[in-house]
file work_6.pdb (PDB, C-alpha atoms)
ATOM      1  CA  MET A 913     -43.828 177.985 133.556
ATOM      2  CA  ALA A 914     -45.195 176.149 136.614
ATOM      3  CA  GLU A 915     -42.852 173.249 135.918
ATOM      4  CA  THR A 916     -39.881 175.630 135.782
ATOM      5  CA  THR A 917     -40.960 177.194 139.070
ATOM      6  CA  ASN A 918     -41.277 173.745 140.669
ATOM      7  CA  LYS A 919     -37.819 172.733 139.407
ATOM      8  CA  SER A 920     -36.372 176.015 140.650
ATOM      9  CA  ALA A 921     -37.973 175.476 144.060
ATOM     10  CA  GLU A 922     -36.579 171.923 144.195
ATOM     11  CA  VAL A 923     -33.100 173.206 143.360
ATOM     12  CA  GLU A 924     -33.360 175.839 146.093
ATOM     13  CA  ILE A 925     -34.529 173.261 148.633
ATOM     14  CA  ILE A 926     -31.734 170.864 147.693
ATOM     15  CA  GLY A 927     -29.189 173.701 147.832
ATOM     16  CA  ALA A 928     -30.424 174.820 151.240
ATOM     17  CA  ALA A 929     -30.303 171.242 152.518
ATOM     18  CA  ALA A 930     -26.734 170.863 151.244
ATOM     19  CA  GLU A 931     -25.667 174.104 152.951
ATOM     20  CA  SER A 932     -27.383 173.006 156.141
ATOM     21  CA  SER A 933     -25.647 169.628 155.987
ATOM     22  CA  GLU A 934     -22.254 171.265 155.429
ATOM     23  CA  SER A 935     -22.728 173.601 158.379
ATOM     24  CA  GLU A 936     -23.901 170.703 160.544
ATOM     25  CA  ILE A 937     -20.847 168.668 159.517
ATOM     26  CA  ALA A 938     -18.584 171.621 160.351
ATOM     27  CA  ARG A 939     -20.278 172.064 163.739
ATOM     28  CA  LEU A 940     -20.007 168.376 164.576
ATOM     29  CA  THR A 941     -16.371 168.289 163.463
ATOM     30  CA  ALA A 942     -15.540 171.216 165.746
ATOM     31  CA  GLU A 943     -17.458 169.607 168.615
ATOM     32  CA  ASN A 944     -15.607 166.336 168.017
ATOM     33  CA  LYS A 945     -12.240 168.125 168.231
ATOM     34  CA  GLU A 946     -13.277 169.763 171.505
ATOM     35  CA  LEU A 947     -14.401 166.424 172.938
ATOM     36  CA  LYS A 948     -11.144 164.742 171.894
ATOM     37  CA  ALA A 949      -9.175 167.500 173.626
ATOM     38  CA  ARG A 950     -11.306 167.073 176.762
ATOM     39  CA  VAL A 951     -10.733 163.299 176.740
ATOM     40  CA  GLU A 952      -6.978 163.857 176.430
ATOM     41  CA  THR A 953      -7.050 166.261 179.380
ATOM     42  CA  LEU A 954      -9.118 163.900 181.527
ATOM     43  CA  THR A 955      -6.872 160.961 180.621
ATOM     44  CA  ARG A 956      -3.758 162.943 181.548
ATOM     45  CA  ASP A 957      -5.358 164.063 184.831
ATOM     46  CA  ARG A 958      -6.381 160.480 185.630
ATOM     47  CA  ASP A 959      -2.886 159.176 184.916
ATOM     48  CA  GLN A 960      -1.314 161.856 187.123
ATOM     49  CA  TYR A 961      -3.767 161.068 189.926
ATOM     50  CA  LEU A 962      -3.075 157.338 189.697
ATOM     51  CA  LYS A 963       0.664 158.012 189.779
ATOM     52  CA  TRP A 964       0.255 160.276 192.824
ATOM     53  CA  TRP A 965      -2.049 157.766 194.527
ATOM     54  CA  GLY A 966       0.461 154.964 194.008
ATOM     55  CA  GLU A 967       3.306 157.097 195.355
ATOM     56  CA  SER A 968       1.150 158.225 198.265
ATOM     57  CA  ASN A 969       0.183 154.665 199.182
ATOM     58  CA  SER A 970       3.776 153.517 198.856
ATOM     59  CA  GLU A 971       4.923 156.275 201.207
ATOM     60  CA  LYS A 972       2.076 155.535 203.619
ATOM     61  CA  ASN A 973       2.979 151.828 203.683
ATOM     62  CA  ARG A 974       6.644 152.637 204.258
ATOM     63  CA  LEU A 975       5.777 154.921 207.181
ATOM     64  CA  LEU A 976       3.399 152.325 208.601
ATOM     65  CA  ASN A 977       6.134 149.683 208.497
ATOM     66  CA  VAL A 978       8.590 152.033 210.225
ATOM     67  CA  THR A 979       5.982 152.886 212.869
ATOM     68  CA  LYS A 980       5.214 149.200 213.474
ATOM     69  CA  SER A 981       8.920 148.499 213.864
ATOM     70  CA  LEU A 982       9.369 151.364 216.318
ATOM     71  CA  VAL A 983       6.332 150.334 218.362
ATOM     72  CA  ALA A 984       7.513 146.721 218.433
ATOM     73  CA  TYR A 985      11.033 147.821 219.413
ATOM     74  CA  SER A 986       9.699 150.050 222.184
ATOM     75  CA  GLY A 987       7.788 147.124 223.646
ATOM     76  CA  LEU A 988       4.420 148.873 223.581
ATOM     77  CA  ILE A 989       2.840 145.894 221.857
TER      78      ILE A 989
END

call {"tool": "encode", "arguments": {"input": "work_6.pdb", "output": "C-alpha cells"}}
result
Amino acid sequence: MAETTNKSAEVEIIGAAAESSESEIARLTAENKELKARVETLTRDRDQYLKWWGESNSEKNRLLNVTKSLVAYSGLI
C-alpha cells in the first residue's frame, strides 16, 4: 500500500512538473513574440530616424553651400 502511495505521489509530482513546464513554455513563447514585435518596431523607428537624419543633413549642407556662395558673392568675406 505504501509503495502504491509513493508511486501515486511520484506520478502527481511528475504531472505537476509537466504542467508547470508547459505553462512556462507558453509564457516564454508569448514573451518571445512580444519581444520580436518590439524589436521590429524599434528597427523600423531607427530606420526612419536614420533616413530623416540623412535627409536633414543633406538639406542643411545644401543650405550651407548656398549661404556660403551668397556671402562670398556679397563680398562680406

call {"tool": "atom_distance", "arguments": {"input": "work_6.pdb", "atom1": "CA of Ser935 (chain A)", "atom2": "CA of Val951 (chain A)"}}
result
24.2 Å

call {"tool": "atom_distance", "arguments": {"input": "work_6.pdb", "atom1": "CA of Trp964 (chain A)", "atom2": "CA of Leu976 (chain A)"}}
result
17.9 Å

call {"tool": "atom_distance", "arguments": {"input": "work_6.pdb", "atom1": "CA of Gly966 (chain A)", "atom2": "CA of Val983 (chain A)"}}
result
25.5 Å

call {"tool": "axis_aligned_box", "arguments": {"input": "work_6.pdb", "around": "region 959-973 of chain A", "padding_each_side": "3 Å", "output": "AutoDock Vina command-line options"}}
result
--center_x 0.6 --center_y 156.8 --center_z 194.3 --size_x 14.7 --size_y 16.0 --size_z 24.8

call {"tool": "decode", "arguments": {"input": "work_6.pdb", "residues": "region 916-962 of chain A", "atoms": "N, CA and C atoms", "output": "mmCIF file, in the first residue's frame"}}
result
data_model
loop_
_atom_site.group_PDB
_atom_site.id
_atom_site.type_symbol
_atom_site.label_atom_id
_atom_site.label_comp_id
_atom_site.auth_asym_id
_atom_site.auth_seq_id
_atom_site.Cartn_x
_atom_site.Cartn_y
_atom_site.Cartn_z
ATOM 1 N N THR A 916 2.362 1.832 -3.381
ATOM 2 C CA THR A 916 1.371 2.390 -4.300
ATOM 3 C C THR A 916 1.190 3.881 -4.043
ATOM 4 N N THR A 917 1.174 4.264 -2.787
ATOM 5 C CA THR A 917 1.038 5.680 -2.433
ATOM 6 C C THR A 917 2.251 6.468 -2.911
ATOM 7 N N ASN A 918 3.445 5.891 -2.742
ATOM 8 C CA ASN A 918 4.669 6.553 -3.216
ATOM 9 C C ASN A 918 4.651 6.714 -4.730
ATOM 10 N N LYS A 919 4.234 5.663 -5.441
ATOM 11 C CA LYS A 919 4.176 5.723 -6.909
ATOM 12 C C LYS A 919 3.150 6.768 -7.340
ATOM 13 N N SER A 920 2.021 6.796 -6.657
ATOM 14 C CA SER A 920 0.975 7.763 -6.971
ATOM 15 C C SER A 920 1.479 9.188 -6.737
ATOM 16 N N ALA A 921 2.206 9.386 -5.654
ATOM 17 C CA ALA A 921 2.769 10.704 -5.356
ATOM 18 C C ALA A 921 3.790 11.103 -6.414
ATOM 19 N N GLU A 922 4.613 10.144 -6.855
ATOM 20 C CA GLU A 922 5.600 10.425 -7.903
ATOM 21 C C GLU A 922 4.905 10.828 -9.194
ATOM 22 N N VAL A 923 3.838 10.115 -9.536
ATOM 23 C CA VAL A 923 3.093 10.427 -10.759
ATOM 24 C C VAL A 923 2.491 11.829 -10.667
ATOM 25 N N GLU A 924 1.959 12.177 -9.514
ATOM 26 C CA GLU A 924 1.385 13.508 -9.325
ATOM 27 C C GLU A 924 2.454 14.591 -9.441
ATOM 28 N N ILE A 925 3.607 14.338 -8.854
ATOM 29 C CA ILE A 925 4.710 15.310 -8.918
ATOM 30 C C ILE A 925 5.177 15.486 -10.356
ATOM 31 N N ILE A 926 5.340 14.364 -11.057
ATOM 32 C CA ILE A 926 5.778 14.431 -12.458
ATOM 33 C C ILE A 926 4.729 15.148 -13.301
ATOM 34 N N GLY A 927 3.457 14.839 -13.063
ATOM 35 C CA GLY A 927 2.374 15.502 -13.802
ATOM 36 C C GLY A 927 2.345 16.994 -13.537
ATOM 37 N N ALA A 928 2.516 17.378 -12.287
ATOM 38 C CA ALA A 928 2.528 18.802 -11.938
ATOM 39 C C ALA A 928 3.721 19.504 -12.575
ATOM 40 N N ALA A 929 4.863 18.828 -12.584
ATOM 41 C CA ALA A 929 6.059 19.414 -13.203
ATOM 42 C C ALA A 929 5.847 19.590 -14.702
ATOM 43 N N ALA A 930 5.210 18.610 -15.340
ATOM 44 C CA ALA A 930 4.947 18.706 -16.776
ATOM 45 C C ALA A 930 3.997 19.865 -17.072
ATOM 46 N N GLU A 931 2.944 20.009 -16.268
ATOM 47 C CA GLU A 931 2.013 21.124 -16.456
ATOM 48 C C GLU A 931 2.714 22.459 -16.240
ATOM 49 N N SER A 932 3.559 22.512 -15.239
ATOM 50 C CA SER A 932 4.308 23.732 -14.952
ATOM 51 C C SER A 932 5.237 24.067 -16.113
ATOM 52 N N SER A 933 5.895 23.048 -16.648
ATOM 53 C CA SER A 933 6.802 23.261 -17.783
ATOM 54 C C SER A 933 6.034 23.748 -19.000
ATOM 55 N N GLU A 934 4.868 23.162 -19.260
ATOM 56 C CA GLU A 934 4.061 23.582 -20.407
ATOM 57 C C GLU A 934 3.601 25.030 -20.256
ATOM 58 N N SER A 935 3.189 25.402 -19.056
ATOM 59 C CA SER A 935 2.745 26.784 -18.859
ATOM 60 C C SER A 935 3.926 27.749 -18.958
ATOM 61 N N GLU A 936 5.077 27.323 -18.493
ATOM 62 C CA GLU A 936 6.280 28.164 -18.597
ATOM 63 C C GLU A 936 6.687 28.322 -20.059
ATOM 64 N N ILE A 937 6.595 27.241 -20.824
ATOM 65 C CA ILE A 937 6.911 27.309 -22.257
ATOM 66 C C ILE A 937 5.936 28.253 -22.955
ATOM 67 N N ALA A 938 4.656 28.144 -22.628
ATOM 68 C CA ALA A 938 3.651 29.029 -23.233
ATOM 69 C C ALA A 938 3.927 30.486 -22.868
ATOM 70 N N ARG A 939 4.273 30.743 -21.629
ATOM 71 C CA ARG A 939 4.570 32.110 -21.183
ATOM 72 C C ARG A 939 5.784 32.667 -21.912
ATOM 73 N N LEU A 940 6.832 31.848 -21.999
ATOM 74 C CA LEU A 940 8.053 32.300 -22.669
ATOM 75 C C LEU A 940 7.827 32.504 -24.167
ATOM 76 N N THR A 941 7.004 31.659 -24.767
ATOM 77 C CA THR A 941 6.687 31.811 -26.185
ATOM 78 C C THR A 941 5.954 33.127 -26.427
ATOM 79 N N ALA A 942 4.985 33.428 -25.575
ATOM 80 C CA ALA A 942 4.250 34.692 -25.703
ATOM 81 C C ALA A 942 5.181 35.884 -25.483
ATOM 82 N N GLU A 943 6.050 35.784 -24.499
ATOM 83 C CA GLU A 943 7.007 36.862 -24.224
ATOM 84 C C GLU A 943 7.957 37.048 -25.404
ATOM 85 N N ASN A 944 8.374 35.945 -26.009
ATOM 86 C CA ASN A 944 9.263 36.000 -27.165
ATOM 87 C C ASN A 944 8.585 36.714 -28.333
ATOM 88 N N LYS A 945 7.303 36.425 -28.562
ATOM 89 C CA LYS A 945 6.567 37.091 -29.639
ATOM 90 C C LYS A 945 6.486 38.594 -29.378
ATOM 91 N N GLU A 946 6.216 38.967 -28.139
ATOM 92 C CA GLU A 946 6.150 40.389 -27.786
ATOM 93 C C GLU A 946 7.495 41.075 -28.004
ATOM 94 N N LEU A 947 8.572 40.404 -27.619
ATOM 95 C CA LEU A 947 9.906 40.987 -27.794
ATOM 96 C C LEU A 947 10.259 41.124 -29.272
ATOM 97 N N LYS A 948 9.889 40.128 -30.077
ATOM 98 C CA LYS A 948 10.143 40.214 -31.519
ATOM 99 C C LYS A 948 9.390 41.393 -32.125
ATOM 100 N N ALA A 949 8.147 41.589 -31.708
ATOM 101 C CA ALA A 949 7.362 42.719 -32.207
ATOM 102 C C ALA A 949 8.008 44.038 -31.792
ATOM 103 N N ARG A 950 8.502 44.107 -30.578
ATOM 104 C CA ARG A 950 9.166 45.326 -30.084
ATOM 105 C C ARG A 950 10.442 45.608 -30.879
ATOM 106 N N VAL A 951 11.208 44.556 -31.171
ATOM 107 C CA VAL A 951 12.433 44.719 -31.961
ATOM 108 C C VAL A 951 12.089 45.228 -33.357
ATOM 109 N N GLU A 952 11.033 44.682 -33.960
ATOM 110 C CA GLU A 952 10.619 45.144 -35.284
ATOM 111 C C GLU A 952 10.238 46.623 -35.248
ATOM 112 N N THR A 953 9.509 47.025 -34.224
ATOM 113 C CA THR A 953 9.109 48.426 -34.086
ATOM 114 C C THR A 953 10.328 49.326 -33.908
ATOM 115 N N LEU A 954 11.238 48.928 -33.035
ATOM 116 C CA LEU A 954 12.441 49.736 -32.802
ATOM 117 C C LEU A 954 13.312 49.808 -34.053
ATOM 118 N N THR A 955 13.404 48.715 -34.786
ATOM 119 C CA THR A 955 14.193 48.701 -36.021
ATOM 120 C C THR A 955 13.576 49.644 -37.046
ATOM 121 N N ARG A 956 12.255 49.589 -37.187
ATOM 122 C CA ARG A 956 11.565 50.476 -38.125
ATOM 123 C C ARG A 956 11.755 51.938 -37.713
ATOM 124 N N ASP A 957 11.609 52.226 -36.422
ATOM 125 C CA ASP A 957 11.810 53.594 -35.932
ATOM 126 C C ASP A 957 13.233 54.072 -36.191
ATOM 127 N N ARG A 958 14.211 53.189 -35.950
ATOM 128 C CA ARG A 958 15.612 53.551 -36.180
ATOM 129 C C ARG A 958 15.845 53.860 -37.652
ATOM 130 N N ASP A 959 15.303 53.003 -38.527
ATOM 131 C CA ASP A 959 15.500 53.206 -39.960
ATOM 132 C C ASP A 959 14.866 54.512 -40.429
ATOM 133 N N GLN A 960 13.678 54.829 -39.901
ATOM 134 C CA GLN A 960 13.029 56.091 -40.262
ATOM 135 C C GLN A 960 13.841 57.281 -39.762
ATOM 136 N N TYR A 961 14.377 57.174 -38.549
ATOM 137 C CA TYR A 961 15.193 58.257 -38.000
ATOM 138 C C TYR A 961 16.454 58.456 -38.842
ATOM 139 N N LEU A 962 17.115 57.355 -39.190
ATOM 140 C CA LEU A 962 18.334 57.476 -39.991
ATOM 141 C C LEU A 962 18.035 58.084 -41.353
#
